[in-house]
Amino acid sequence: MASIRRTLSPAFHGRSTQNGAAGFSSSPSNKLLHKHFPSSASSTLLNLVYRRGWRRSFCRCLFFFLLGLLFGITPFGQMDTDIRPKDFASPDLRPPHVHLQSDDPIFSYVALGVNTQLEQHNEVTDSIEPLKQLIVVTPTYNRGFQVYFLNRLGQVLRLVKPPLVWIVVEEKTVSLETAQILRKTGVMYRHVVSTRNSSDVKDRGVHQRNAALEHIERHKLDGIVFFADDDNVYTLELFESLRTISRFGTWPVAMLEQSKNKAIVEGPVCNASRVIGWHTNEKSKRLRRFHVDMSGFAFSSTILWDPKRWGRPFSNPIRQLDTVKEGFQETTFIEQVVEDESQMEGIPPGCSKVMNWHLHLDTGNVVYPKGWLLEKNLEVILPIK
């Protein structure tokens with residue numbers, strides 16, 4: 001049997017049966033790739049490059065990318081591009097407005113009541129006037145009952161409504177005992193010293209009261225001046241009544257005679273607040289122009305330092321006189337303040353009430369320990385059994 005042997009074409013001589021490695025190494029380009037890459041890596045790269053499927057995938061990705069881009073930039077509705085500042089403002093959190101009708105009887109009554117009360121309160125506030133200041137002048141000196149007298153008077157003044165200033169006058173020098181008593185009373189005070197010698201004057205309080213009058217005039221203290229001796233007894237009603245005085249006020253004073261066996265009343269007789277006469281029981285004092293005790297009158301302090309206000313024809317300082325005999329200091333002083341009874345005011349109305357007492361307690365010869373302090377214990381008189 002004859003065998004036919006077919007010869008290979010020259011075009012296939014260069015191919016290799018082992019994955020085409022011989023044919024690949026024979027071309028010039030393949031020689032260049034083989035120079036830079038290993039044989040396995042170069043074969044894989046060539047398979048990817050020469051594979052036609054990658055073009056189709058690339059085209060699909062590019063198509064869907066362009067389609068998404070087109071949908072993204074295409075407007076599908078209206079958009080308000082006008083941005084205003086009010087768009088960023090905070091929301092209004094106020095409660096909703098309620099419309100109240102004026103004809104509502106409940107609200108009309110409430111509004112009317114509130115307005116009426118406010119108007120009444122304003123009227124009362126406008127009608128309230130500040131209280132007049134009381135200037136209480138008290139001469140004092142060292143004696144047995146001085147501590148008792150000052151403490152008693154201080155406790156009364158403590159109960160009086162302010163404003164009040166207590167001017168306490170001592171002789172020659174300020175004593176520590178008196179200063180300590182004044183500090184403990186809780187009353188606003190001024191401690192004044194009279195440098196005048198009172199040994200030749202029977203009423204030693206004359207120079208002390210003059211020192212207080214000079215202090216008031218120098219500092220122009222505004223208020224009602226009242227001479228309150230420390231050994232007298234006073235009611236709170238008297239101090240409240242002093243604030244009703246405009247220029248000069250007077251009232252009756254009860255007192256004990258020097259013999260201590262009879263009580264008398266001395267002072268004005270009034271018709272309402274008008275002084276129509278005087279009452280006195282001592283024949284020796286009937287020569288006086290005004291029959292009143294030293295603690296039975298008070299006056300405005302402006303008379304001392306503002307004479308033009310009261311039409312005084314002279315501007316001499318008003319002082320108590322130490323040249324007159326005992327019992328006439330009051331009337332000679334009042335004659336410098338007022339001209340007659342028409343310039344006086346009787347308090348309380350009718351002058352029918354006694355509000356202070358003059359007791360004439362003589363304690364000059366009482367022996368007492370200095371400062372009322374006991375340096376050593378007392379002797380036992382009644383021992384405990």
# chains A, B, ... in the order shown; residues from 1 in each chain; ligands from 1

$ residues_around --residues "segment 234-241 of chain A" --least-positions-apart "4" --cutoff "8 Å" --atoms "only C-alpha atoms" --output "number ranges by chain"
A: 134, 153, 156, 159-160, 245, 347-348, 355-357

$ residues_around --residues "segment 250-263 of chain A" --least-positions-apart "2" --cutoff "8 Å" --atoms "only C-alpha atoms" --output "PyMOL selection string"
chain A and resi 248+265-268+292-293+295-298+344-348+351-360

$ closest_residue --among "A:Phe226, A:Thr178, A:Thr173, A:His291" --to "Gln146 of chain A" --atoms "only C-alpha atoms"
A:Thr178

$ closest_residue --among "A:Asp222, A:Asp203, A:Glu341, A:Asp322" --to "Gly277 of chain A" --atoms "only C-alpha atoms"
A:Glu341

$ residues_around --residues "Tyr189 of chain A" --least-positions-apart "2" --cutoff "9 Å" --atoms "only C-alpha atoms" --output "JSON list (two decimals) with N, CA, C and O atoms, in the first residue's frame"
[["chain", "number", "residue", "atom", "x", "y", "z"],
["A", 164, "LEU", "N", -34.71, 111.60, 114.23],
["A", 164, "LEU", "CA", -34.55, 112.25, 115.53],
["A", 164, "LEU", "C", -33.06, 112.31, 115.85],
["A", 164, "LEU", "O", -32.35, 111.33, 115.63],
["A", 165, "VAL", "N", -32.63, 113.44, 116.39],
["A", 165, "VAL", "CA", -31.24, 113.59, 116.84],
["A", 165, "VAL", "C", -31.28, 114.11, 118.27],
["A", 165, "VAL", "O", -32.03, 115.04, 118.58],
["A", 166, "TRP", "N", -30.49, 113.47, 119.11],
["A", 166, "TRP", "CA", -30.44, 113.80, 120.53],
["A", 166, "TRP", "C", -29.14, 114.52, 120.82],
["A", 166, "TRP", "O", -28.06, 113.94, 120.68],
["A", 167, "ILE", "N", -29.24, 115.80, 121.19],
["A", 167, "ILE", "CA", -28.06, 116.60, 121.53],
["A", 167, "ILE", "C", -27.93, 116.64, 123.05],
["A", 167, "ILE", "O", -28.75, 117.25, 123.73],
["A", 168, "VAL", "N", -26.92, 115.96, 123.56],
["A", 168, "VAL", "CA", -26.65, 115.89, 125.00],
["A", 168, "VAL", "C", -25.45, 116.78, 125.30],
["A", 168, "VAL", "O", -24.39, 116.62, 124.68],
["A", 182, "LEU", "N", -24.85, 106.82, 126.06],
["A", 182, "LEU", "CA", -25.42, 107.27, 124.78],
["A", 182, "LEU", "C", -25.23, 106.23, 123.69],
["A", 182, "LEU", "O", -26.11, 106.03, 122.84],
["A", 183, "ARG", "N", -24.08, 105.58, 123.68],
["A", 183, "ARG", "CA", -23.85, 104.56, 122.65],
["A", 183, "ARG", "C", -24.79, 103.37, 122.80],
["A", 183, "ARG", "O", -25.18, 102.75, 121.82],
["A", 186, "GLY", "N", -28.94, 103.35, 121.33],
["A", 186, "GLY", "CA", -29.37, 103.10, 119.96],
["A", 186, "GLY", "C", -30.02, 104.30, 119.30],
["A", 186, "GLY", "O", -30.65, 104.16, 118.25],
["A", 187, "VAL", "N", -29.89, 105.49, 119.90],
["A", 187, "VAL", "CA", -30.47, 106.72, 119.36],
["A", 187, "VAL", "C", -29.35, 107.53, 118.70],
["A", 187, "VAL", "O", -28.22, 107.58, 119.23],
["A", 191, "HIS", "N", -22.80, 114.52, 121.05],
["A", 191, "HIS", "CA", -22.29, 114.80, 122.38],
["A", 191, "HIS", "C", -21.53, 116.13, 122.34],
["A", 191, "HIS", "O", -20.48, 116.23, 121.73]]

$ atom_distance --atom1 "atom CA of Gly223 of chain A" --atom2 "atom CA of Met188 of chain A"
14.3 Å

$ atom_distance --atom1 "atom CA of Ser342 of chain A" --atom2 "atom CA of Arg274 of chain A"
7.4 Å

$ atom_distance --atom1 "atom CA of Gln320 of chain A" --atom2 "atom CA of Arg143 of chain A"
23.7 Å

$ closest_residue --among "A:Leu221, A:Leu70, A:Ile334, A:Val366" --to "Pro163 of chain A" --atoms "only C-alpha atoms"
A:Leu221

$ closest_residue --among "A:Ile318, A:Cys61, A:Ile303, A:Val338" --to "Asn210 of chain A" --atoms "only C-alpha atoms"
A:Ile318
